[in-house]
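To start, the structure itself, in structure tokens.
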Amino acid sequence: MRQKLVAGNWKMHGSLQSNQILLAQLRESLDAKLGAQSRLEVLVCVPAPYFAQVQSILNGSSIAWGAQNVSQHKSGAYTGEISASMLQDFGCRHVLIGHSERRGMYGETDFEVAAKFQAAKMAGLIPVLCVGETLQERESGVTESVIARQIDAVLEVSGIDGFWQAVVAYEPVWAIGTGKTASPGQAQAVHAYIRQRLSQHHAGLAEQLRIVYGGSVKADNAAELFAMPDIDGGLVGGASLVSAEFVAICEAACS
Ligand code: 13P
């Protein structure tokens, strides 16, 4: 049985003050529950300037923290970039790779995404590989080929073994921040496709790989999404900034 994962993606939100309040509320609501049972893992992916603050507040907590991006390079003259070893320095365990906002707004190619995935793996971080189609791609009937291309780029660089311990997040671009959620059936179909595609390379690995859904996950739709057989939790944007919402989503993943 795969352990569920609920990951918050704070994106470019937060401040020293609001982080302090949000994390204290999450600890109060979730620490005891997470300690008592291991059916759920909870993670927050925070903006880089707050790593030290988040590390300090979550010290001793069962809530893990991660980053939203990483450089594909180890070190060097890459102004503005952050390396995997820097993330490690602050106790980050996870890193989002190839979020659609990075692919769409910052031109990250499948090739760069694959290189970043590999950099994370080499440093011992857990990559959360984001894949997903645009509305136009869905309406043109090419959803599966888009997902296949995004997954295959990573397979080419890291091989199927790169997916051990990794997480895949299916985030249809049309559902991100729009209030439009994929229906449980729509999401399940793509999750099953991802698992089946990877199982062609290694059935055992595909069976234990966690594939989480992202795109307007809220407290009131989380339970029906998480009830689907191939949906192993959520990657949550806006609702992860509101403690009551995020906690309710985590509770939906435990039920
Ligand atoms: P929303 O939950 O705000 O739609 O964002 C989803 C997302 O992009 C998480 O990475």
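By convention in this document, the chains of the structure tokens carry letters A, B, ... by their order, each chain's residues are numbered from 1, and ligands are numbered from 1 in the order they are shown.
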Counting only C-alpha atoms and all ligand atoms, which residues of chain A fall within 7 Å of ligand 1, and what is the closest atom pair for each with its distance in Å at one decimal, ordered by chain and rising number, as a Markdown table?
```
| residue | atom | partner | partner_atom_place_in_ligand_line | distance |
| --- | --- | --- | --- | --- |
| A:Asn9 | CA | ligand 1 | 10 (O) | 5.1 |
| A:His99 | CA | ligand 1 | 10 (O) | 6.6 |
| A:Glu171 | CA | ligand 1 | 8 (O) | 6.8 |
| A:Ala175 | CA | ligand 1 | 4 (O) | 6.0 |
| A:Ile176 | CA | ligand 1 | 4 (O) | 3.5 |
| A:Gly177 | CA | ligand 1 | 4 (O) | 3.5 |
| A:Thr178 | CA | ligand 1 | 4 (O) | 6.1 |
| A:Gly179 | CA | ligand 1 | 4 (O) | 6.6 |
| A:Gly214 | CA | ligand 1 | 6 (C) | 5.0 |
| A:Gly215 | CA | ligand 1 | 4 (O) | 3.9 |
| A:Ser216 | CA | ligand 1 | 4 (O) | 3.5 |
| A:Val217 | CA | ligand 1 | 2 (O) | 5.1 |
| A:Leu235 | CA | ligand 1 | 9 (C) | 5.0 |
| A:Val236 | CA | ligand 1 | 2 (O) | 4.3 |
| A:Gly237 | CA | ligand 1 | 2 (O) | 3.4 |
| A:Gly238 | CA | ligand 1 | 3 (O) | 3.8 |
| A:Ala239 | CA | ligand 1 | 2 (O) | 6.0 |
```
Counting only C-alpha atoms, what is within 12 Å of Leu43 (chain A), bar same-chain residues fewer than 5 positions away, as a ChimeraX atom specification?
/A:4-10,23,26-27,30-31,34,54,58,61-68,92-96,126,128,233-236,240,246-247,250
Going by DSSP on the backbone, which residues of region 96-203 of chain A come out as strand (DSSP E or B)? List them as a ChimeraX atom specification.
/A:96-97,126-131,167-170
May I have the residues within 12 Å of Gln3 (chain A) as a list of chain:residue names, using only C-alpha atoms and disregarding those fewer than 3 positions away in the same chain?
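Residues near the query, excluding close chain neighbours: A:Val6, A:Leu34, A:Gln37, A:Ser38, A:Arg39, A:Leu40, A:Glu41, A:Val42, A:Gln165, A:Val167, A:Glu207, A:Gln208, A:Leu209, A:Arg210, A:Ile211, A:Val212, A:Phe226, A:Asp230, A:Ile231, A:Asp232, A:Gly233, A:Gly234, A:Ala253, A:Cys254.
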How far is it from CA of Met12 (chain A) to CA of Ala48 (chain A), in Å with one decimal?
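One can read the CA of Met12 (chain A) to CA of Ala48 (chain A) distance as 9.5 Å.
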Residues near Ala206 (chain A), cut-off 6 Å, only C-alpha atoms, skip fewer than 4 positions along chain, as number ranges by chain
A: 195, 198-199
Give me, as a short mmCIF file (atom, residue, chain, number, x, y, z; two decimals) with C-alpha atoms, in the first residue's frame, all polymer residues having an atom no more than 8 Å from Gln118 (chain A), counting only C-alpha atoms and skipping those fewer than 4 positions away in the same chain.
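Saved file result.cif follows:
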```
data_model
loop_
_atom_site.label_atom_id
_atom_site.label_comp_id
_atom_site.auth_asym_id
_atom_site.auth_seq_id
_atom_site.Cartn_x
_atom_site.Cartn_y
_atom_site.Cartn_z
CA GLN A 72 20.81 21.31 -12.96
CA ALA A 114 15.28 15.95 -17.01
CA MET A 122 22.42 12.70 -7.57
CA VAL A 154 13.38 11.94 -17.71
CA VAL A 157 18.50 10.78 -18.66
CA SER A 158 17.87 8.98 -15.36
CA GLY A 162 15.73 7.30 -11.29
#
```
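Nearest to Val173 (chain A) of all the residues A:Ala227, A:Ile160, A:Leu135, A:Leu155 is A:Leu135, based on only C-alpha atoms.
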Considering only alpha helix (DSSP H) as DSSP defines it on the backbone, what residues of region 131-250 of chain A qualify? List them as number ranges by chain.
A: 135-139, 143-158, 184-199, 203-208, 222-226, 243-250
Skip Arg138 (chain A) itself and residues of its chain fewer than 5 positions away, then list as a ChimeraX atom specification all residues within 10 Å of it, counting only C-alpha atoms.
/A:132-133,143-144,146,172-174
Generate the output file for the selected residues, N, CA, C and O atoms, as a PDB file, in the first residue's frame.
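Wrote it out as selection.pdb, contents follow:
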```
ATOM      1  N   GLY A 132       1.970  17.534 -17.129  1.00  0.00           N
ATOM      2  CA  GLY A 132       0.570  17.897 -17.366  1.00  0.00           C
ATOM      3  C   GLY A 132       0.397  18.586 -18.699  1.00  0.00           C
ATOM      4  O   GLY A 132       1.333  19.202 -19.219  1.00  0.00           O
ATOM      5  N   GLU A 133      -0.801  18.489 -19.211  1.00  0.00           N
ATOM      6  CA  GLU A 133      -1.118  19.045 -20.525  1.00  0.00           C
ATOM      7  C   GLU A 133      -1.845  20.381 -20.393  1.00  0.00           C
ATOM      8  O   GLU A 133      -2.499  20.644 -19.379  1.00  0.00           O
ATOM      9  N   THR A 143      -3.365  14.515 -24.822  1.00  0.00           N
ATOM     10  CA  THR A 143      -2.933  14.480 -23.407  1.00  0.00           C
ATOM     11  C   THR A 143      -1.900  13.379 -23.171  1.00  0.00           C
ATOM     12  O   THR A 143      -0.825  13.626 -22.610  1.00  0.00           O
ATOM     13  N   GLU A 144      -2.212  12.167 -23.602  1.00  0.00           N
ATOM     14  CA  GLU A 144      -1.305  11.050 -23.289  1.00  0.00           C
ATOM     15  C   GLU A 144       0.053  11.221 -23.968  1.00  0.00           C
ATOM     16  O   GLU A 144       1.085  10.915 -23.363  1.00  0.00           O
ATOM     17  N   VAL A 146       1.552  14.000 -24.674  1.00  0.00           N
ATOM     18  CA  VAL A 146       2.295  15.057 -23.959  1.00  0.00           C
ATOM     19  C   VAL A 146       2.905  14.487 -22.680  1.00  0.00           C
ATOM     20  O   VAL A 146       4.100  14.679 -22.388  1.00  0.00           O
ATOM     21  N   PRO A 172      -2.735  19.014 -14.555  1.00  0.00           N
ATOM     22  CA  PRO A 172      -3.216  19.574 -15.824  1.00  0.00           C
ATOM     23  C   PRO A 172      -3.141  21.096 -15.754  1.00  0.00           C
ATOM     24  O   PRO A 172      -3.651  21.696 -14.797  1.00  0.00           O
ATOM     25  N   VAL A 173      -2.499  21.707 -16.726  1.00  0.00           N
ATOM     26  CA  VAL A 173      -2.238  23.156 -16.653  1.00  0.00           C
ATOM     27  C   VAL A 173      -3.552  23.940 -16.557  1.00  0.00           C
ATOM     28  O   VAL A 173      -3.635  24.947 -15.843  1.00  0.00           O
ATOM     29  N   TRP A 174      -4.572  23.418 -17.204  1.00  0.00           N
ATOM     30  CA  TRP A 174      -5.873  24.112 -17.220  1.00  0.00           C
ATOM     31  C   TRP A 174      -6.578  24.077 -15.867  1.00  0.00           C
ATOM     32  O   TRP A 174      -7.556  24.793 -15.656  1.00  0.00           O
TER      33      TRP A 174
END
```
Residue nearest Pro47 (chain A) among A:Lys121, A:His13, A:Lys180, A:Arg103 (counting only C-alpha atoms):
A:His13
Could you name the residues that touch Ala153 (chain A) at 10 Å or less, counting only C-alpha atoms, but leaving out those on the same chain fewer than 4 positions away, as a count of residues only?
12
